[in-house]
file protein_31.tsv (TSV, C-alpha atoms)
chain	number	residue	atom	x	y	z
A	1	MET	CA	-19.38	1.93	10.23
A	2	ARG	CA	-20.63	1.91	6.62
A	3	SER	CA	-22.80	4.72	5.30
A	4	ALA	CA	-23.71	6.28	1.94
A	5	ILE	CA	-24.98	9.40	0.20
A	6	VAL	CA	-26.43	9.93	-3.27
A	7	TYR	CA	-24.65	12.30	-5.66
A	8	GLY	CA	-26.50	12.75	-8.93
A	9	GLU	CA	-27.22	9.23	-10.17
A	10	ARG	CA	-24.40	7.67	-8.18
A	11	GLN	CA	-24.34	6.31	-4.65
A	12	ILE	CA	-21.15	6.99	-2.72
A	13	GLN	CA	-20.53	4.38	-0.03
A	14	PHE	CA	-18.01	5.17	2.68
A	15	ASP	CA	-16.60	3.79	5.92
A	16	VAL	CA	-16.58	6.07	8.95
A	17	VAL	CA	-13.51	5.71	11.17
A	18	PRO	CA	-13.64	7.50	14.56
A	19	ASN	CA	-10.49	9.45	15.40
A	20	GLN	CA	-10.32	11.10	18.80
A	21	VAL	CA	-7.37	13.38	17.93
A	22	LEU	CA	-8.94	15.21	14.98
A	23	GLY	CA	-10.62	17.97	16.98
A	24	THR	CA	-13.50	19.20	14.82
A	25	LYS	CA	-12.00	18.18	11.46
A	26	ILE	CA	-13.35	15.52	9.13
A	27	ARG	CA	-10.90	13.98	6.66
A	28	ILE	CA	-11.90	12.04	3.54
A	29	HIS	CA	-9.66	9.51	1.78
A	30	VAL	CA	-10.24	7.69	-1.51
A	31	HIS	CA	-7.96	4.67	-1.44
A	32	PRO	CA	-6.40	3.08	-4.55
A	33	ASN	CA	-8.72	0.07	-4.17
A	34	ALA	CA	-11.71	2.44	-4.66
A	35	THR	CA	-12.86	2.41	-1.04
A	36	VAL	CA	-13.82	5.73	0.57
A	37	GLU	CA	-12.85	6.29	4.19
A	38	VAL	CA	-14.00	9.17	6.39
A	39	GLU	CA	-12.02	10.00	9.52
A	40	ALA	CA	-14.29	11.87	11.92
A	41	PRO	CA	-14.18	13.04	15.55
A	42	ILE	CA	-15.80	10.52	17.88
A	43	ASP	CA	-18.59	12.98	18.75
A	44	ALA	CA	-19.39	13.96	15.14
A	45	SER	CA	-23.03	13.40	14.20
A	46	GLN	CA	-24.11	11.40	11.18
A	47	LYS	CA	-25.63	14.57	9.75
A	48	LEU	CA	-22.32	16.43	10.01
A	49	ILE	CA	-20.39	13.54	8.46
A	50	ARG	CA	-22.82	13.19	5.55
A	51	GLU	CA	-22.68	16.94	4.91
A	52	ALA	CA	-18.88	16.81	4.80
A	53	VAL	CA	-18.98	13.96	2.29
A	54	ALA	CA	-21.57	15.78	0.19
A	55	LYS	CA	-19.30	18.85	0.00
A	56	ARG	CA	-16.47	16.69	-1.40
A	57	ALA	CA	-18.74	14.46	-3.51
A	58	ARG	CA	-17.58	15.84	-6.85
A	59	TRP	CA	-13.93	15.23	-5.96
A	60	ILE	CA	-14.74	11.73	-4.65
A	61	VAL	CA	-16.61	10.74	-7.82
A	62	THR	CA	-13.81	12.13	-10.01
A	63	ARG	CA	-11.19	10.17	-8.08
A	64	LEU	CA	-13.26	6.97	-8.25
A	65	ALA	CA	-13.65	7.43	-12.01
A	66	GLU	CA	-9.86	7.77	-12.38
A	67	ILE	CA	-9.39	4.53	-10.45
A	68	ASP	CA	-12.00	2.72	-12.57
A	69	GLU	CA	-10.28	3.91	-15.75
A	70	GLY	CA	-6.93	2.67	-14.47
A	71	ARG	CA	-8.39	-0.74	-13.69
A	72	LYS	CA	-9.43	-1.25	-17.31
A	73	HIS	CA	-5.78	-1.69	-18.21
A	74	VAL	CA	-4.97	-4.13	-15.40
A	75	LEU	CA	-5.44	-7.76	-16.43
A	76	PRO	CA	-5.67	-10.62	-13.94
A	77	ARG	CA	-2.51	-12.69	-13.59
A	78	GLU	CA	-2.34	-16.00	-15.46
A	79	TYR	CA	1.12	-17.03	-14.20
A	80	ILE	CA	2.38	-18.12	-17.58
A	81	SER	CA	5.66	-17.46	-19.37
A	82	GLY	CA	5.76	-14.07	-21.04
A	83	GLU	CA	3.65	-12.00	-18.66
A	84	THR	CA	5.42	-9.37	-16.58
A	85	HIS	CA	5.73	-8.99	-12.80
A	86	PHE	CA	7.14	-6.12	-10.75
A	87	TYR	CA	10.05	-6.21	-8.33
A	88	LEU	CA	11.49	-3.02	-6.80
A	89	GLY	CA	9.74	-0.95	-9.45
A	90	ARG	CA	11.03	-2.85	-12.47
A	91	ARG	CA	9.07	-5.14	-14.75
A	92	TYR	CA	10.46	-8.64	-15.20
A	93	GLN	CA	9.24	-11.16	-17.74
A	94	LEU	CA	8.10	-14.39	-16.15
A	95	LYS	CA	9.75	-17.61	-17.31
A	96	VAL	CA	8.09	-20.79	-16.04
A	97	ILE	CA	10.22	-23.93	-16.01
A	98	GLU	CA	8.76	-27.32	-15.14
A	99	THR	CA	11.30	-29.39	-13.15
A	100	PRO	CA	9.57	-32.56	-11.86
A	101	HIS	CA	12.61	-33.94	-10.03
A	102	THR	CA	14.16	-30.83	-8.42
A	103	PRO	CA	12.98	-28.44	-5.67
A	104	SER	CA	11.07	-25.34	-6.72
A	105	GLN	CA	12.96	-22.06	-6.82
A	106	VAL	CA	12.68	-18.46	-8.04
A	107	GLN	CA	15.60	-16.58	-9.61
A	108	LEU	CA	16.15	-13.15	-11.14
A	109	LYS	CA	18.42	-13.92	-14.03
A	110	ALA	CA	19.22	-12.10	-17.28
A	111	GLY	CA	16.22	-9.81	-16.90
A	112	LEU	CA	13.87	-12.73	-16.33
A	113	LEU	CA	11.92	-13.84	-13.27
A	114	ARG	CA	12.50	-17.58	-13.53
A	115	VAL	CA	10.17	-19.84	-11.56
A	116	SER	CA	11.03	-23.55	-11.47
A	117	VAL	CA	8.25	-25.79	-10.15
A	118	PRO	CA	7.50	-29.54	-10.27
A	119	HIS	CA	4.07	-28.88	-11.79
A	120	ALA	CA	3.53	-25.77	-13.91
A	121	ASP	CA	-0.06	-24.95	-12.93
A	122	ALA	CA	-1.06	-21.37	-12.12
A	123	ALA	CA	-1.88	-22.01	-8.44
A	124	THR	CA	1.51	-23.62	-7.77
A	125	ILE	CA	3.40	-20.89	-9.58
A	126	ARG	CA	1.48	-18.19	-7.73
A	127	ARG	CA	2.19	-19.74	-4.33
A	128	ARG	CA	5.89	-20.13	-5.04
A	129	LEU	CA	6.26	-16.64	-6.47
A	130	ASN	CA	4.33	-15.03	-3.60
A	131	SER	CA	6.51	-16.89	-1.11
A	132	TRP	CA	9.59	-15.51	-2.86
A	133	TYR	CA	8.17	-11.98	-2.77
A	134	LYS	CA	7.58	-12.26	0.98
A	135	GLU	CA	11.09	-13.57	1.60
A	136	ARG	CA	12.57	-10.69	-0.38
A	137	ALA	CA	10.25	-8.18	1.32
A	138	ASP	CA	11.22	-9.33	4.80
A	139	SER	CA	14.94	-9.03	4.03
A	140	TYR	CA	14.78	-5.72	2.16
A	141	PHE	CA	12.35	-3.98	4.51
A	142	ARG	CA	14.37	-4.90	7.60
A	143	LYS	CA	17.55	-3.55	5.99
A	144	ARG	CA	15.97	-0.26	4.91
A	145	LEU	CA	14.10	0.20	8.19
A	146	ASP	CA	17.34	-0.20	10.11
A	147	GLU	CA	19.17	2.22	7.81
A	148	LEU	CA	16.44	4.89	7.83
A	149	ALA	CA	15.70	4.63	11.55
A	150	GLY	CA	19.39	5.21	12.25
A	151	THR	CA	19.16	8.70	10.70
A	152	ILE	CA	16.17	9.86	12.78
A	153	PRO	CA	16.91	11.61	16.10
A	154	TRP	CA	13.74	10.60	17.97
A	155	ILE	CA	14.30	6.86	17.41
A	156	ASP	CA	16.57	5.15	19.94
A	157	LYS	CA	16.45	1.71	18.36
A	158	THR	CA	14.99	0.14	15.24
A	159	PRO	CA	11.33	-0.76	15.88
A	160	PRO	CA	10.04	-4.31	15.34
A	161	ILE	CA	8.66	-5.05	11.88
A	162	LYS	CA	6.01	-7.48	10.66
A	163	LEU	CA	4.72	-8.31	7.18
A	164	VAL	CA	0.95	-7.92	7.02
A	165	THR	CA	-1.10	-8.19	3.83
A	166	MET	CA	-3.46	-5.20	3.93
A	167	ARG	CA	-6.35	-4.34	1.65
A	168	LYS	CA	-6.17	-0.55	2.00
A	169	GLN	CA	-2.73	0.33	3.30
A	170	TRP	CA	0.93	-0.09	2.47
A	171	GLY	CA	1.88	0.17	6.12
A	172	SER	CA	0.71	0.89	9.66
A	173	CYS	CA	2.15	1.62	13.08
A	174	THR	CA	0.81	-0.17	16.16
A	175	PRO	CA	0.23	1.52	19.56
A	176	SER	CA	3.11	-0.56	20.96
A	177	GLY	CA	5.52	0.98	18.43
A	178	SER	CA	5.99	-1.84	15.93
A	179	ILE	CA	5.65	-1.30	12.18
A	180	ASN	CA	3.55	-3.38	9.79
A	181	LEU	CA	4.40	-3.34	6.08
A	182	ASN	CA	2.46	-4.83	3.20
A	183	PRO	CA	4.68	-7.48	1.54
A	184	TRP	CA	3.48	-6.46	-1.95
A	185	LEU	CA	5.19	-3.10	-1.39
A	186	ILE	CA	8.37	-4.95	-2.47
A	187	ARG	CA	7.06	-4.61	-6.02
A	188	ALA	CA	7.22	-0.80	-5.79
A	189	PRO	CA	10.19	1.44	-6.65
A	190	ARG	CA	12.78	1.87	-3.91
A	191	GLU	CA	11.88	5.52	-3.26
A	192	CYS	CA	8.25	4.50	-2.70
A	193	ILE	CA	9.30	1.90	-0.14
A	194	ASP	CA	11.44	4.49	1.65
A	195	TYR	CA	8.49	6.91	1.68
A	196	VAL	CA	6.20	4.34	3.32
A	197	ILE	CA	8.83	3.46	5.94
A	198	ARG	CA	9.45	7.14	6.76
A	199	HIS	CA	5.70	7.70	6.91
A	200	GLU	CA	5.36	5.01	9.57
A	201	LEU	CA	8.46	6.11	11.46
A	202	CYS	CA	6.91	9.57	11.82
A	203	HIS	CA	3.94	7.91	13.54
A	204	LEU	CA	6.26	6.81	16.32
A	205	LYS	CA	6.41	10.49	17.31
A	206	GLU	CA	3.02	11.75	16.05
A	207	HIS	CA	0.34	9.06	16.33
A	208	ASN	CA	-2.18	10.65	13.95
A	209	HIS	CA	-2.38	12.64	10.72
A	210	SER	CA	-2.38	16.05	12.41
A	211	LYS	CA	-0.68	19.20	11.14
A	212	ALA	CA	2.22	18.39	13.47
A	213	TYR	CA	2.54	14.99	11.81
A	214	TYR	CA	2.74	16.44	8.31
A	215	ARG	CA	5.26	19.08	9.43
A	216	LEU	CA	7.38	16.22	10.73
A	217	LEU	CA	7.03	14.24	7.48
A	218	ASP	CA	7.82	17.33	5.40
A	219	LYS	CA	11.01	17.85	7.39
A	220	LEU	CA	12.05	14.20	7.18
A	221	ASP	CA	11.02	13.62	3.54
A	222	PRO	CA	10.46	16.93	1.67
A	223	ALA	CA	9.72	15.19	-1.65
A	224	TRP	CA	7.14	12.71	-0.32
A	225	ARG	CA	4.09	14.08	-2.17
A	226	PRO	CA	5.06	13.17	-5.77
A	227	VAL	CA	6.41	9.83	-4.53
A	228	LYS	CA	3.09	9.08	-2.83
A	229	SER	CA	1.24	10.03	-6.02
A	230	ARG	CA	3.43	7.67	-8.02
A	231	LEU	CA	2.79	4.84	-5.58
A	232	ASP	CA	-0.97	5.48	-5.59
A	233	GLY	CA	-0.95	5.46	-9.38
A	234	MET	CA	0.76	2.06	-9.44
A	235	ALA	CA	-1.37	0.48	-6.72
A	236	GLU	CA	-3.64	-1.56	-9.00
A	237	LEU	CA	-0.69	-3.02	-10.90
A	238	LEU	CA	1.28	-3.82	-7.77
A	239	LEU	CA	-1.60	-5.37	-5.83
A	240	THR	CA	-3.06	-7.49	-8.64
A	241	GLN	CA	-2.57	-11.18	-7.90

call {"tool": "encode", "arguments": {"input": "protein_31.tsv", "output": "structure tokens"}}
result
Amino acid sequence: MRSAIVYGERQIQFDVVPNQVLGTKIRIHVHPNATVEVEAPIDASQKLIREAVAKRARWIVTRLAEIDEGRKHVLPREYISGETHFYLGRRYQLKVIETPHTPSQVQLKAGLLRVSVPHADAATIRRRLNSWYKERADSYFRKRLDELAGTIPWIDKTPPIKLVTMRKQWGSCTPSGSINLNPWLIRAPRECIDYVIRHELCHLKEHNHSKAYYRLLDKLDPAWRPVKSRLDGMAELLLTQ
């Protein structure tokens, strides 16, 4: 449910997400894509929710301003030779090669991300490169999920995994116990990918963001907070298409 409050001269719009395990707590999240989400108990009144948002309004506006400032330095992709693209946290210079008579392919070679396509138009290059990212993501995520799950005592077998492009999240855990990961996470540093996978694996034991959940995450991944901050700070760069 979408709602809004006015803070000074600015309107803060937010989505209310009911969460039956929160007790009386209301949690507020400002996502890297500049959306504001409010997790609230299912019986919380609109008045109570709006008051909670108003109390955090200064923090929300500050965070939104930081995101807006970061976006000024993120240019839309043109898919031409010379621009840079991320893979596992590293920047690679794009090299577009037009090959009319051979199949398209993508290669990491000599520090370059080489894309060979029959027709070198931006739409074709984007499709081929995104397909390559998803292939790499599927392979890498499955390998790391299997390796990390094998070190966790409450997991008997590696859970199923699915690539799902998400607007707000890097990952999610379904009620049936499968894990969804955003394919564009493959552009992030390896430690950020491991953090997201551990985050979702913890949800297999604690199905919410309760204190018990964070105690579990702290035990499994003591250094997760600065890694999460790094990932949040890179979100605009990594998600820009």

call {"tool": "residues_around", "arguments": {"input": "protein_31.tsv", "residues": "A:Ser172", "least_positions_apart": "2", "cutoff": "7 Å", "atoms": "all atoms listed in the file", "output": "short mmCIF file (atom, residue, chain, number, x, y, z; two decimals) with C-alpha atoms, in the frame of the given file"}}
result
data_model
loop_
_atom_site.label_atom_id
_atom_site.label_comp_id
_atom_site.auth_asym_id
_atom_site.auth_seq_id
_atom_site.Cartn_x
_atom_site.Cartn_y
_atom_site.Cartn_z
CA THR A 174 0.81 -0.17 16.16
CA ILE A 179 5.65 -1.30 12.18
CA ASN A 180 3.55 -3.38 9.79
CA LEU A 181 4.40 -3.34 6.08
CA GLU A 200 5.36 5.01 9.57
#

call {"tool": "atom_distance", "arguments": {"input": "protein_31.tsv", "atom1": "atom CA of A:Thr35", "atom2": "atom CA of A:Trp170"}}
result
14.4 Å

call {"tool": "atom_distance", "arguments": {"input": "protein_31.tsv", "atom1": "atom CA of A:Asn33", "atom2": "atom CA of A:Leu239"}}
result
9.1 Å

call {"tool": "atom_distance", "arguments": {"input": "protein_31.tsv", "atom1": "atom CA of A:Glu83", "atom2": "atom CA of A:Glu135"}}
result
21.6 Å

call {"tool": "closest_atom_pairs", "arguments": {"input": "protein_31.tsv", "of": "stretch 113-157 of chain A", "to": "stretch 207-216 of chain A", "cutoff": "12 Å", "atoms": "only C-alpha atoms", "output": "tab-separated table"}}
result
residue	atom	partner	partner_atom	distance
A:Ile152	CA	A:Leu216	CA	11.0
A:Pro153	CA	A:Leu216	CA	11.9
A:Trp154	CA	A:Leu216	CA	11.2

call {"tool": "closest_residue", "arguments": {"input": "protein_31.tsv", "among": "A:Ala223, A:Val115, A:Ala110, A:Ala52", "to": "A:Arg127", "atoms": "only C-alpha atoms"}}
result
A:Val115

call {"tool": "closest_residue", "arguments": {"input": "protein_31.tsv", "among": "A:Val30, A:Lys219, A:Ala44, A:Arg230", "to": "A:Pro18", "atoms": "all atoms listed in the file"}}
result
A:Ala44

call {"tool": "residues_around", "arguments": {"input": "protein_31.tsv", "residues": "A:Gly171", "least_positions_apart": "3", "cutoff": "10 Å", "atoms": "only C-alpha atoms", "output": "PyMOL selection string"}}
result
chain A and resi 162-166+168+179-183+185+193+196-197+199-200

call {"tool": "residues_near_point", "arguments": {"input": "protein_31.tsv", "point": "(5.8, -27.1, -18.5)", "cutoff": "12 Å", "atoms": "only C-alpha atoms", "output": "PyMOL selection string"}}
result
chain A and resi 79-81+95-100+115-122+125

call {"tool": "residues_around", "arguments": {"input": "protein_31.tsv", "residues": "A:Gly111", "least_positions_apart": "4", "cutoff": "10 Å", "atoms": "only C-alpha atoms", "output": "ChimeraX atom specification"}}
result
/A:90-94,107

call {"tool": "residues_around", "arguments": {"input": "protein_31.tsv", "residues": "A:Ile186", "least_positions_apart": "4", "cutoff": "7 Å", "atoms": "all atoms listed in the file", "output": "mmCIF file with C-alpha atoms, in the coordinates of the input"}}
result
data_model
loop_
_atom_site.group_PDB
_atom_site.id
_atom_site.type_symbol
_atom_site.label_atom_id
_atom_site.label_comp_id
_atom_site.auth_asym_id
_atom_site.auth_seq_id
_atom_site.Cartn_x
_atom_site.Cartn_y
_atom_site.Cartn_z
ATOM 1 C CA TYR A 87 10.050 -6.210 -8.330
ATOM 2 C CA LEU A 88 11.490 -3.020 -6.800
ATOM 3 C CA ALA A 137 10.250 -8.180 1.320
#

call {"tool": "residues_around", "arguments": {"input": "protein_31.tsv", "residues": "A:Ile161", "least_positions_apart": "6", "cutoff": "10 Å", "atoms": "all atoms listed in the file", "output": "compact mmCIF listing (two decimals) with C-alpha atoms, in the frame of the given file"}}
result
# COMPACT_ATOMS: atom_id res chain seq x y z
CA ASP A 138 11.22 -9.33 4.80
CA PHE A 141 12.35 -3.98 4.51
CA ARG A 142 14.37 -4.90 7.60
CA LEU A 145 14.10 0.20 8.19
CA CYS A 173 2.15 1.62 13.08
CA GLY A 177 5.52 0.98 18.43
CA SER A 178 5.99 -1.84 15.93
CA ILE A 179 5.65 -1.30 12.18
CA ASN A 180 3.55 -3.38 9.79
CA LEU A 181 4.40 -3.34 6.08

call {"tool": "closest_residue", "arguments": {"input": "protein_31.tsv", "among": "A:Glu147, A:His101, A:Phe86, A:Ile26", "to": "A:Asn130", "atoms": "all atoms listed in the file"}}
result
A:Phe86

call {"tool": "closest_residue", "arguments": {"input": "protein_31.tsv", "among": "A:Val106, A:Leu204, A:Ala4, A:Ala34", "to": "A:Ile49", "atoms": "all atoms listed in the file"}}
result
A:Ala4

call {"tool": "closest_residue", "arguments": {"input": "protein_31.tsv", "among": "A:Thr24, A:Asn19, A:Gln11, A:Ser176", "to": "A:Val36", "atoms": "only C-alpha atoms"}}
result
A:Gln11

call {"tool": "build_atoms", "arguments": {"input": "protein_31.tsv", "residues": "stretch 207-222 of chain A", "atoms": "N, CA and C atoms", "output": "mmCIF file, in the coordinates of the input"}}
result
data_model
loop_
_atom_site.group_PDB
_atom_site.id
_atom_site.type_symbol
_atom_site.label_atom_id
_atom_site.label_comp_id
_atom_site.auth_asym_id
_atom_site.auth_seq_id
_atom_site.Cartn_x
_atom_site.Cartn_y
_atom_site.Cartn_z
ATOM 1 N N HIS A 207 1.158 10.265 16.530
ATOM 2 C CA HIS A 207 0.340 9.060 16.330
ATOM 3 C C HIS A 207 -0.955 9.319 15.567
ATOM 4 N N ASN A 208 -0.972 10.334 14.725
ATOM 5 C CA ASN A 208 -2.180 10.650 13.950
ATOM 6 C C ASN A 208 -1.742 11.419 12.712
ATOM 7 N N HIS A 209 -2.694 11.859 11.915
ATOM 8 C CA HIS A 209 -2.380 12.640 10.720
ATOM 9 C C HIS A 209 -2.696 14.122 10.961
ATOM 10 N N SER A 210 -2.180 14.655 12.048
ATOM 11 C CA SER A 210 -2.380 16.050 12.410
ATOM 12 C C SER A 210 -1.441 16.952 11.612
ATOM 13 N N LYS A 211 -1.596 18.261 11.787
ATOM 14 C CA LYS A 211 -0.680 19.200 11.140
ATOM 15 C C LYS A 211 0.748 18.968 11.629
ATOM 16 N N ALA A 212 0.883 18.649 12.915
ATOM 17 C CA ALA A 212 2.220 18.390 13.470
ATOM 18 C C ALA A 212 2.847 17.178 12.791
ATOM 19 N N TYR A 213 2.020 16.167 12.490
ATOM 20 C CA TYR A 213 2.540 14.990 11.810
ATOM 21 C C TYR A 213 3.084 15.356 10.433
ATOM 22 N N TYR A 214 2.306 16.107 9.658
ATOM 23 C CA TYR A 214 2.740 16.440 8.310
ATOM 24 C C TYR A 214 3.939 17.388 8.303
ATOM 25 N N ARG A 215 4.054 18.257 9.310
ATOM 26 C CA ARG A 215 5.260 19.080 9.430
ATOM 27 C C ARG A 215 6.479 18.193 9.647
ATOM 28 N N LEU A 216 6.289 17.160 10.457
ATOM 29 C CA LEU A 216 7.380 16.220 10.730
ATOM 30 C C LEU A 216 7.766 15.456 9.466
ATOM 31 N N LEU A 217 6.762 14.980 8.720
ATOM 32 C CA LEU A 217 7.030 14.240 7.480
ATOM 33 C C LEU A 217 7.682 15.135 6.437
ATOM 34 N N ASP A 218 7.221 16.382 6.341
ATOM 35 C CA ASP A 218 7.820 17.330 5.400
ATOM 36 C C ASP A 218 9.294 17.554 5.706
ATOM 37 N N LYS A 219 9.617 17.631 6.988
ATOM 38 C CA LYS A 219 11.010 17.850 7.390
ATOM 39 C C LYS A 219 11.865 16.620 7.100
ATOM 40 N N LEU A 220 11.301 15.450 7.360
ATOM 41 C CA LEU A 220 12.050 14.200 7.180
ATOM 42 C C LEU A 220 12.149 13.804 5.716
ATOM 43 N N ASP A 221 11.086 14.075 4.936
ATOM 44 C CA ASP A 221 11.020 13.620 3.540
ATOM 45 C C ASP A 221 10.344 14.705 2.702
ATOM 46 N N PRO A 222 11.068 15.789 2.351
ATOM 47 C CA PRO A 222 10.460 16.930 1.670
ATOM 48 C C PRO A 222 9.799 16.584 0.330
#
